[in-house]
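Colleague: If it helps, the file is called data-v3.cif and holds mmCIF, N, CA and C atoms and all ligand atoms:
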```
data_protein
#
loop_
_atom_site.label_atom_id
_atom_site.label_comp_id
_atom_site.auth_asym_id
_atom_site.auth_seq_id
_atom_site.Cartn_x
_atom_site.Cartn_y
_atom_site.Cartn_z
N MET S 13 11.67 121.75 -59.63
CA MET S 13 12.04 120.96 -60.81
C MET S 13 13.56 120.79 -60.87
N ALA S 14 13.98 119.65 -61.27
CA ALA S 14 15.42 119.41 -61.38
C ALA S 14 15.99 120.21 -62.54
N ALA S 15 17.24 120.56 -62.42
CA ALA S 15 17.88 121.39 -63.43
C ALA S 15 18.20 120.59 -64.68
N ARG S 16 17.78 121.10 -65.81
CA ARG S 16 18.09 120.44 -67.07
C ARG S 16 19.43 120.91 -67.61
N VAL S 17 19.82 122.08 -67.20
CA VAL S 17 21.10 122.62 -67.61
C VAL S 17 21.90 122.93 -66.36
N VAL S 18 23.10 122.44 -66.27
CA VAL S 18 23.94 122.72 -65.11
C VAL S 18 25.29 123.27 -65.56
N LYS S 19 26.02 123.80 -64.60
CA LYS S 19 27.33 124.38 -64.87
C LYS S 19 28.24 123.36 -65.57
N ASN S 20 29.03 123.86 -66.49
CA ASN S 20 30.01 123.07 -67.26
C ASN S 20 29.38 122.21 -68.35
N ASP S 21 28.08 122.31 -68.53
CA ASP S 21 27.45 121.64 -69.67
C ASP S 21 27.89 122.33 -70.96
N THR S 22 27.98 121.56 -72.02
CA THR S 22 28.13 122.16 -73.34
C THR S 22 26.73 122.33 -73.92
N VAL S 23 26.43 123.56 -74.31
CA VAL S 23 25.09 123.81 -74.83
C VAL S 23 25.20 124.46 -76.21
N VAL S 24 24.14 124.35 -76.97
CA VAL S 24 24.07 125.01 -78.26
C VAL S 24 22.93 126.03 -78.20
N VAL S 25 23.17 127.19 -78.81
CA VAL S 25 22.18 128.25 -78.79
C VAL S 25 21.16 128.00 -79.90
N LEU S 26 19.88 128.09 -79.56
CA LEU S 26 18.83 127.74 -80.51
C LEU S 26 18.28 128.95 -81.26
N THR S 27 18.47 130.12 -80.70
CA THR S 27 17.84 131.28 -81.31
C THR S 27 18.66 132.54 -81.03
N GLY S 28 18.40 133.57 -81.76
CA GLY S 28 19.08 134.85 -81.52
C GLY S 28 20.37 135.00 -82.30
N ARG S 29 21.12 135.99 -81.89
CA ARG S 29 22.33 136.40 -82.60
C ARG S 29 23.38 135.28 -82.66
N ASP S 30 23.44 134.48 -81.60
CA ASP S 30 24.46 133.44 -81.52
C ASP S 30 23.91 132.06 -81.87
N LYS S 31 22.81 132.03 -82.60
CA LYS S 31 22.18 130.78 -82.99
C LYS S 31 23.19 129.81 -83.61
N GLY S 32 23.16 128.56 -83.13
CA GLY S 32 24.04 127.54 -83.68
C GLY S 32 25.39 127.46 -83.01
N LYS S 33 25.73 128.45 -82.21
CA LYS S 33 27.03 128.44 -81.53
C LYS S 33 26.98 127.56 -80.28
N GLU S 34 28.13 126.98 -79.99
CA GLU S 34 28.23 126.15 -78.80
C GLU S 34 29.12 126.80 -77.76
N GLY S 35 28.84 126.53 -76.52
CA GLY S 35 29.66 127.07 -75.45
C GLY S 35 29.45 126.29 -74.16
N THR S 36 30.28 126.64 -73.18
CA THR S 36 30.21 125.97 -71.89
C THR S 36 29.48 126.86 -70.90
N VAL S 37 28.57 126.27 -70.17
CA VAL S 37 27.82 127.03 -69.16
C VAL S 37 28.75 127.37 -68.00
N THR S 38 28.83 128.65 -67.68
CA THR S 38 29.69 129.07 -66.58
C THR S 38 28.88 129.43 -65.33
N LYS S 39 27.60 129.69 -65.53
CA LYS S 39 26.78 130.09 -64.39
C LYS S 39 25.32 129.79 -64.71
N VAL S 40 24.59 129.33 -63.72
CA VAL S 40 23.16 129.10 -63.88
C VAL S 40 22.42 130.01 -62.92
N LEU S 41 21.54 130.84 -63.47
CA LEU S 41 20.74 131.75 -62.66
C LEU S 41 19.35 131.15 -62.55
N ILE S 42 19.19 130.31 -61.54
CA ILE S 42 17.97 129.51 -61.42
C ILE S 42 16.73 130.38 -61.31
N ALA S 43 16.80 131.41 -60.48
CA ALA S 43 15.63 132.26 -60.25
C ALA S 43 15.18 132.96 -61.53
N ASP S 44 16.13 133.28 -62.39
CA ASP S 44 15.82 133.98 -63.63
C ASP S 44 15.60 133.05 -64.81
N ASN S 45 15.82 131.76 -64.61
CA ASN S 45 15.75 130.79 -65.71
C ASN S 45 16.72 131.15 -66.82
N ARG S 46 17.91 131.62 -66.42
CA ARG S 46 18.89 132.03 -67.39
C ARG S 46 20.23 131.36 -67.11
N VAL S 47 21.04 131.29 -68.14
CA VAL S 47 22.38 130.76 -67.97
C VAL S 47 23.38 131.70 -68.63
N VAL S 48 24.60 131.70 -68.08
CA VAL S 48 25.68 132.43 -68.71
C VAL S 48 26.55 131.40 -69.43
N VAL S 49 26.77 131.64 -70.72
CA VAL S 49 27.52 130.69 -71.53
C VAL S 49 28.74 131.40 -72.11
N GLU S 50 29.86 130.70 -72.02
CA GLU S 50 31.12 131.23 -72.52
C GLU S 50 31.01 131.59 -74.00
N ASN S 51 31.44 132.78 -74.36
CA ASN S 51 31.48 133.24 -75.75
C ASN S 51 30.12 133.40 -76.41
N ILE S 52 29.06 133.38 -75.62
CA ILE S 52 27.72 133.55 -76.15
C ILE S 52 27.13 134.84 -75.58
N ASN S 53 26.44 135.56 -76.46
CA ASN S 53 25.78 136.80 -76.04
C ASN S 53 26.79 137.82 -75.48
N THR S 54 27.85 138.01 -76.25
CA THR S 54 28.90 138.93 -75.83
C THR S 54 28.40 140.36 -75.85
N ARG S 55 28.62 141.03 -74.78
CA ARG S 55 28.27 142.45 -74.70
C ARG S 55 29.52 143.23 -74.33
N ILE S 56 29.50 144.50 -74.66
CA ILE S 56 30.64 145.33 -74.30
C ILE S 56 30.17 146.42 -73.36
N ARG S 57 30.87 146.50 -72.27
CA ARG S 57 30.56 147.51 -71.26
C ARG S 57 31.66 148.56 -71.34
N HIS S 58 31.24 149.80 -71.45
CA HIS S 58 32.22 150.88 -71.50
C HIS S 58 32.42 151.42 -70.11
N VAL S 59 33.61 151.30 -69.61
CA VAL S 59 33.84 151.74 -68.23
C VAL S 59 34.97 152.76 -68.15
N LYS S 60 34.79 153.62 -67.20
CA LYS S 60 35.83 154.61 -66.89
C LYS S 60 36.59 154.10 -65.67
N ALA S 61 37.87 154.36 -65.64
CA ALA S 61 38.65 153.98 -64.46
C ALA S 61 38.27 154.89 -63.31
N ARG S 62 37.84 154.26 -62.23
CA ARG S 62 37.46 155.06 -61.06
C ARG S 62 38.65 155.22 -60.12
N GLN S 63 39.57 154.31 -60.25
CA GLN S 63 40.79 154.39 -59.45
C GLN S 63 41.96 154.14 -60.39
N PRO S 64 43.10 154.73 -60.08
CA PRO S 64 44.27 154.46 -60.92
C PRO S 64 44.56 152.97 -60.97
N GLY S 65 44.89 152.49 -62.13
CA GLY S 65 45.23 151.08 -62.25
C GLY S 65 44.04 150.20 -62.55
N GLN S 66 42.85 150.73 -62.42
CA GLN S 66 41.65 149.96 -62.72
C GLN S 66 41.47 149.89 -64.24
N PRO S 67 41.02 148.74 -64.75
CA PRO S 67 40.84 148.69 -66.21
C PRO S 67 39.78 149.68 -66.67
N ALA S 68 40.06 150.31 -67.80
CA ALA S 68 39.09 151.24 -68.36
C ALA S 68 38.88 150.88 -69.82
N GLY S 69 37.80 151.38 -70.36
CA GLY S 69 37.57 151.16 -71.77
C GLY S 69 36.47 150.15 -72.01
N ARG S 70 36.69 149.33 -73.01
CA ARG S 70 35.65 148.37 -73.40
C ARG S 70 35.91 147.02 -72.74
N ILE S 71 35.03 146.63 -71.87
CA ILE S 71 35.17 145.35 -71.18
C ILE S 71 34.13 144.40 -71.76
N GLU S 72 34.58 143.27 -72.28
CA GLU S 72 33.65 142.29 -72.81
C GLU S 72 33.13 141.40 -71.70
N PHE S 73 31.85 141.13 -71.75
CA PHE S 73 31.30 140.16 -70.79
C PHE S 73 30.20 139.38 -71.48
N PHE S 74 29.83 138.30 -70.86
CA PHE S 74 28.81 137.45 -71.45
C PHE S 74 27.50 137.63 -70.70
N ALA S 75 26.50 138.09 -71.43
CA ALA S 75 25.20 138.34 -70.81
C ALA S 75 24.42 137.03 -70.71
N PRO S 76 23.59 136.91 -69.69
CA PRO S 76 22.80 135.67 -69.54
C PRO S 76 21.82 135.48 -70.68
N VAL S 77 21.57 134.23 -71.05
CA VAL S 77 20.55 133.91 -72.04
C VAL S 77 19.50 133.01 -71.38
N ALA S 78 18.30 133.04 -71.91
CA ALA S 78 17.22 132.21 -71.34
C ALA S 78 17.54 130.74 -71.53
N ILE S 79 17.25 129.96 -70.51
CA ILE S 79 17.52 128.52 -70.58
C ILE S 79 16.77 127.88 -71.76
N SER S 80 15.58 128.41 -72.05
CA SER S 80 14.78 127.83 -73.13
C SER S 80 15.40 128.09 -74.50
N ASN S 81 16.38 128.99 -74.54
CA ASN S 81 17.03 129.29 -75.81
C ASN S 81 18.30 128.48 -76.05
N VAL S 82 18.61 127.59 -75.12
CA VAL S 82 19.77 126.74 -75.31
C VAL S 82 19.36 125.27 -75.15
N ALA S 83 20.16 124.39 -75.73
CA ALA S 83 19.92 122.95 -75.57
C ALA S 83 21.23 122.28 -75.23
N VAL S 84 21.17 121.32 -74.32
CA VAL S 84 22.36 120.59 -73.93
C VAL S 84 22.81 119.72 -75.11
N VAL S 85 24.12 119.72 -75.36
CA VAL S 85 24.65 118.92 -76.47
C VAL S 85 24.91 117.50 -75.98
N CYS S 86 24.30 116.54 -76.67
CA CYS S 86 24.53 115.12 -76.36
C CYS S 86 25.80 114.69 -77.07
N GLN S 87 26.71 114.08 -76.32
CA GLN S 87 28.00 113.70 -76.90
C GLN S 87 27.85 112.55 -77.90
N SER S 88 26.77 111.80 -77.82
CA SER S 88 26.54 110.71 -78.78
C SER S 88 25.90 111.24 -80.06
N CYS S 89 24.91 112.13 -79.88
CA CYS S 89 24.19 112.66 -81.04
C CYS S 89 24.95 113.81 -81.69
N LYS S 90 25.90 114.42 -80.94
CA LYS S 90 26.67 115.56 -81.42
C LYS S 90 25.76 116.73 -81.79
N ARG S 91 24.69 116.90 -81.08
CA ARG S 91 23.81 118.02 -81.35
C ARG S 91 23.01 118.36 -80.10
N GLY S 92 22.35 119.49 -80.13
CA GLY S 92 21.52 119.90 -79.01
C GLY S 92 20.30 119.02 -78.92
N VAL S 93 20.02 118.53 -77.74
CA VAL S 93 18.89 117.62 -77.56
C VAL S 93 18.06 118.05 -76.36
N LYS S 94 16.90 117.44 -76.27
CA LYS S 94 16.08 117.65 -75.09
C LYS S 94 16.52 116.66 -74.03
N VAL S 95 16.37 117.07 -72.79
CA VAL S 95 16.85 116.27 -71.67
C VAL S 95 15.68 115.61 -70.96
N SER S 96 15.85 114.34 -70.69
CA SER S 96 14.87 113.66 -69.85
C SER S 96 15.59 113.16 -68.60
N PHE S 97 14.83 112.68 -67.66
CA PHE S 97 15.45 112.19 -66.43
C PHE S 97 15.25 110.70 -66.32
N LYS S 98 16.26 110.07 -65.78
CA LYS S 98 16.26 108.62 -65.68
C LYS S 98 16.62 108.25 -64.25
N LEU S 99 15.99 107.22 -63.74
CA LEU S 99 16.33 106.74 -62.42
C LEU S 99 17.13 105.44 -62.58
N LEU S 100 18.36 105.45 -62.08
CA LEU S 100 19.18 104.26 -62.18
C LEU S 100 18.76 103.23 -61.13
N ALA S 101 19.25 102.01 -61.32
CA ALA S 101 18.88 100.90 -60.42
C ALA S 101 19.19 101.22 -58.96
N ASP S 102 20.26 102.00 -58.75
CA ASP S 102 20.64 102.31 -57.37
C ASP S 102 19.90 103.54 -56.83
N GLY S 103 18.96 104.06 -57.60
CA GLY S 103 18.16 105.18 -57.13
C GLY S 103 18.72 106.54 -57.51
N THR S 104 19.87 106.55 -58.21
CA THR S 104 20.46 107.80 -58.63
C THR S 104 19.68 108.38 -59.81
N LYS S 105 19.38 109.66 -59.69
CA LYS S 105 18.67 110.33 -60.77
C LYS S 105 19.69 110.97 -61.69
N VAL S 106 19.60 110.68 -62.97
CA VAL S 106 20.55 111.26 -63.92
C VAL S 106 19.79 111.87 -65.08
N ARG S 107 20.52 112.68 -65.83
CA ARG S 107 19.92 113.26 -67.03
C ARG S 107 20.26 112.38 -68.22
N ALA S 108 19.31 112.26 -69.12
CA ALA S 108 19.54 111.43 -70.29
C ALA S 108 19.08 112.17 -71.53
N CYS S 109 19.68 111.80 -72.66
CA CYS S 109 19.30 112.36 -73.95
C CYS S 109 17.96 111.77 -74.35
N ARG S 110 17.04 112.62 -74.76
CA ARG S 110 15.72 112.13 -75.12
C ARG S 110 15.73 111.47 -76.50
N LYS S 111 16.79 111.72 -77.26
CA LYS S 111 16.91 111.10 -78.59
C LYS S 111 17.47 109.69 -78.51
N CYS S 112 18.69 109.57 -77.94
CA CYS S 112 19.36 108.26 -77.96
C CYS S 112 19.30 107.56 -76.61
N GLY S 113 18.86 108.27 -75.57
CA GLY S 113 18.73 107.63 -74.27
C GLY S 113 20.01 107.58 -73.47
N ASP S 114 21.11 108.05 -74.04
CA ASP S 114 22.38 108.05 -73.33
C ASP S 114 22.35 108.97 -72.11
N VAL S 115 23.00 108.53 -71.07
CA VAL S 115 23.12 109.37 -69.89
C VAL S 115 24.06 110.52 -70.22
N ILE S 116 23.60 111.74 -69.96
CA ILE S 116 24.38 112.92 -70.32
C ILE S 116 25.55 113.10 -69.38
N GLU S 117 25.33 112.79 -68.14
CA GLU S 117 26.37 113.05 -67.17
C GLU S 117 26.07 112.19 -65.95
N LYS S 118 27.08 111.48 -65.52
CA LYS S 118 26.82 110.60 -64.38
C LYS S 118 26.95 111.39 -63.08
N LYS S 119 25.98 112.21 -62.87
CA LYS S 119 26.01 113.07 -61.72
C LYS S 119 24.60 113.11 -61.15
N VAL S 120 24.51 113.15 -59.87
CA VAL S 120 23.19 113.16 -59.24
C VAL S 120 22.49 114.47 -59.57
N VAL S 121 21.27 114.39 -59.98
CA VAL S 121 20.48 115.57 -60.27
C VAL S 121 19.77 116.00 -59.00
N LYS S 122 20.02 117.22 -58.64
CA LYS S 122 19.39 117.73 -57.41
C LYS S 122 18.04 118.34 -57.74
N ASP S 123 17.06 118.02 -56.94
CA ASP S 123 15.76 118.66 -57.10
C ASP S 123 15.80 120.00 -56.38
N GLY S 124 15.02 120.92 -56.88
CA GLY S 124 14.95 122.19 -56.18
C GLY S 124 15.14 123.35 -57.10
ZN ZN S 201 21.83 111.56 -77.70
#
```
For the structure just supplied, provide its representation as structure tokens.

Modeller:
Amino acid sequence: MAARVVKNDTVVVLTGRDKGKEGTVTKVLIADNRVVVENINTRIRHVKARQPGQPAGRIEFFAPVAISNVAVVCQSCKRGVKVSFKLLADGTKVRACRKCGDVIEKKVVKDG
């Protein structure tokens, strides 16, 4: 199946602690159906310095969230929308907003 969410997308969180928050996708974990989103699902890892000069203490990181818990933000609708796929006249497959039909990103959608 083609990816509905790709890196650098702006997404909105639909459920959980960060519900309603928006962020940029920094990583897509296809096998896990999860994405890492900037400033979403912040966790704190407590680490000890194993070597001198290594950071120690509380390290913030962003834990992956399920793709089904986020929605891509349509720049026309200004809200999280469902994504459909559209085939352009030249055969390019693109993602489109299911609400307004606008192309979300003029980028070829890779299957797989
Ligand atoms: Zn739209």

Colleague: Please identify all protein, DNA and RNA residues within 8 Å of ligand ZN 201 (chain S), counting only C-alpha atoms and all ligand atoms, and report them as a VMD selection string.

Modeller: chain S and resid 85 to 91 93 108 to 114 116

Colleague: Fewer than 6 positions away in the same chain doesn't count, so skip those; otherwise give me all residues within 10 Å of S:Asn20, counting only C-alpha atoms, as a list in words.

Modeller: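 Using only C-alpha atoms, the neighbours found are Gly35, Thr36, Val37, Thr38, Lys39, Val40, Val49 and Glu50 of chain S.
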
Colleague: Tell me, in Å to one decimal, how far atom CA of S:Thr22 is from atom CA of S:Ile71.

Modeller: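 Spanning atom CA of S:Thr22 to atom CA of S:Ile71 is a straight-line distance of 24.3 Å.
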
Colleague: Counting only C-alpha atoms, find residues at most 7 Å from (27.5, 140.5, -70.8) (file frame) and give them as a PDB file with N, CA and C atoms, keeping the file's coordinate frame.

Modeller:
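Output contents, as saved in out24.pdb:
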```
ATOM      1  N   ASN S  53      26.440 135.560 -76.460  1.00  0.00           N
ATOM      2  CA  ASN S  53      25.780 136.800 -76.040  1.00  0.00           C
ATOM      3  C   ASN S  53      26.790 137.820 -75.480  1.00  0.00           C
ATOM      4  N   THR S  54      27.850 138.010 -76.250  1.00  0.00           N
ATOM      5  CA  THR S  54      28.900 138.930 -75.830  1.00  0.00           C
ATOM      6  C   THR S  54      28.400 140.360 -75.850  1.00  0.00           C
ATOM      7  N   ARG S  55      28.620 141.030 -74.780  1.00  0.00           N
ATOM      8  CA  ARG S  55      28.270 142.450 -74.700  1.00  0.00           C
ATOM      9  C   ARG S  55      29.520 143.230 -74.330  1.00  0.00           C
ATOM     10  N   ILE S  56      29.500 144.500 -74.660  1.00  0.00           N
ATOM     11  CA  ILE S  56      30.640 145.330 -74.300  1.00  0.00           C
ATOM     12  C   ILE S  56      30.170 146.420 -73.360  1.00  0.00           C
ATOM     13  N   GLU S  72      34.580 143.270 -72.280  1.00  0.00           N
ATOM     14  CA  GLU S  72      33.650 142.290 -72.810  1.00  0.00           C
ATOM     15  C   GLU S  72      33.130 141.400 -71.700  1.00  0.00           C
ATOM     16  N   PHE S  73      31.850 141.130 -71.750  1.00  0.00           N
ATOM     17  CA  PHE S  73      31.300 140.160 -70.790  1.00  0.00           C
ATOM     18  C   PHE S  73      30.200 139.380 -71.480  1.00  0.00           C
ATOM     19  N   PHE S  74      29.830 138.300 -70.860  1.00  0.00           N
ATOM     20  CA  PHE S  74      28.810 137.450 -71.450  1.00  0.00           C
ATOM     21  C   PHE S  74      27.500 137.630 -70.700  1.00  0.00           C
ATOM     22  N   ALA S  75      26.500 138.090 -71.430  1.00  0.00           N
ATOM     23  CA  ALA S  75      25.200 138.340 -70.810  1.00  0.00           C
ATOM     24  C   ALA S  75      24.420 137.030 -70.710  1.00  0.00           C
ATOM     25  N   PRO S  76      23.590 136.910 -69.690  1.00  0.00           N
ATOM     26  CA  PRO S  76      22.800 135.670 -69.540  1.00  0.00           C
ATOM     27  C   PRO S  76      21.820 135.480 -70.680  1.00  0.00           C
TER      28      PRO S  76
END
```

Colleague: Atom CA of S:Asn51 and atom N of S:Asp30, how far apart in Å?

Modeller: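 According to the coordinates, atom N of S:Asp30 and atom CA of S:Asn51 are separated by 10.0 Å.
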
Colleague: Give the answer as one residue: which of S:Arg62, S:Asp44, S:Phe97, S:Lys105 has the shortest atom-to-atom distance to S:Ala78, using only N, CA and C atoms?

Modeller: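 Between S:Arg62, S:Asp44, S:Phe97, S:Lys105, the residue approaching S:Ala78 most closely is S:Asp44.
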
Colleague: Quick one: everything within 12 Å of S:Val59, counting only C-alpha atoms, minus sequence neighbours fewer than 5 positions away in the same chain. Send it as a PyMOL selection string.

Modeller: chain S and resi 66-72

Colleague: Quick one: of S:Leu41, S:Arg57, S:Val95, S:Arg46, who's nearest to S:Arg16, counting all atoms listed in the file?

Modeller: S:Val95

Colleague: Separation of atom N of S:Val82 and atom CA of S:Ala15, in Å?

Modeller: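 Distance reported for this atom pair: 13.3 Å.
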
Colleague: Between S:Thr104, S:Ala83, S:Gly92, S:Glu117, which residue has the minimum interatomic distance to S:Leu26, considering all atoms listed in the file?

Modeller: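 Nearest to S:Leu26: S:Ala83.
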
Colleague: Using all atoms listed in the file, find the one residue out of S:Val77, S:Val24, S:Glu34, S:Val18 that sits nearest to S:Val47.

Modeller: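 Ranked by minimum distance to S:Val47, first place goes to S:Val77.
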
Colleague: Write down as a VMD selection string the residues belonging to chain S that are assigned strand (DSSP E) by DSSP computed on the backbone.

Modeller: chain S and resid 22 to 25 34 to 41 46 to 49 54 to 59 69 to 74 77 to 78 82 to 86 91 to 93 95 to 99 105 to 109 115 to 117
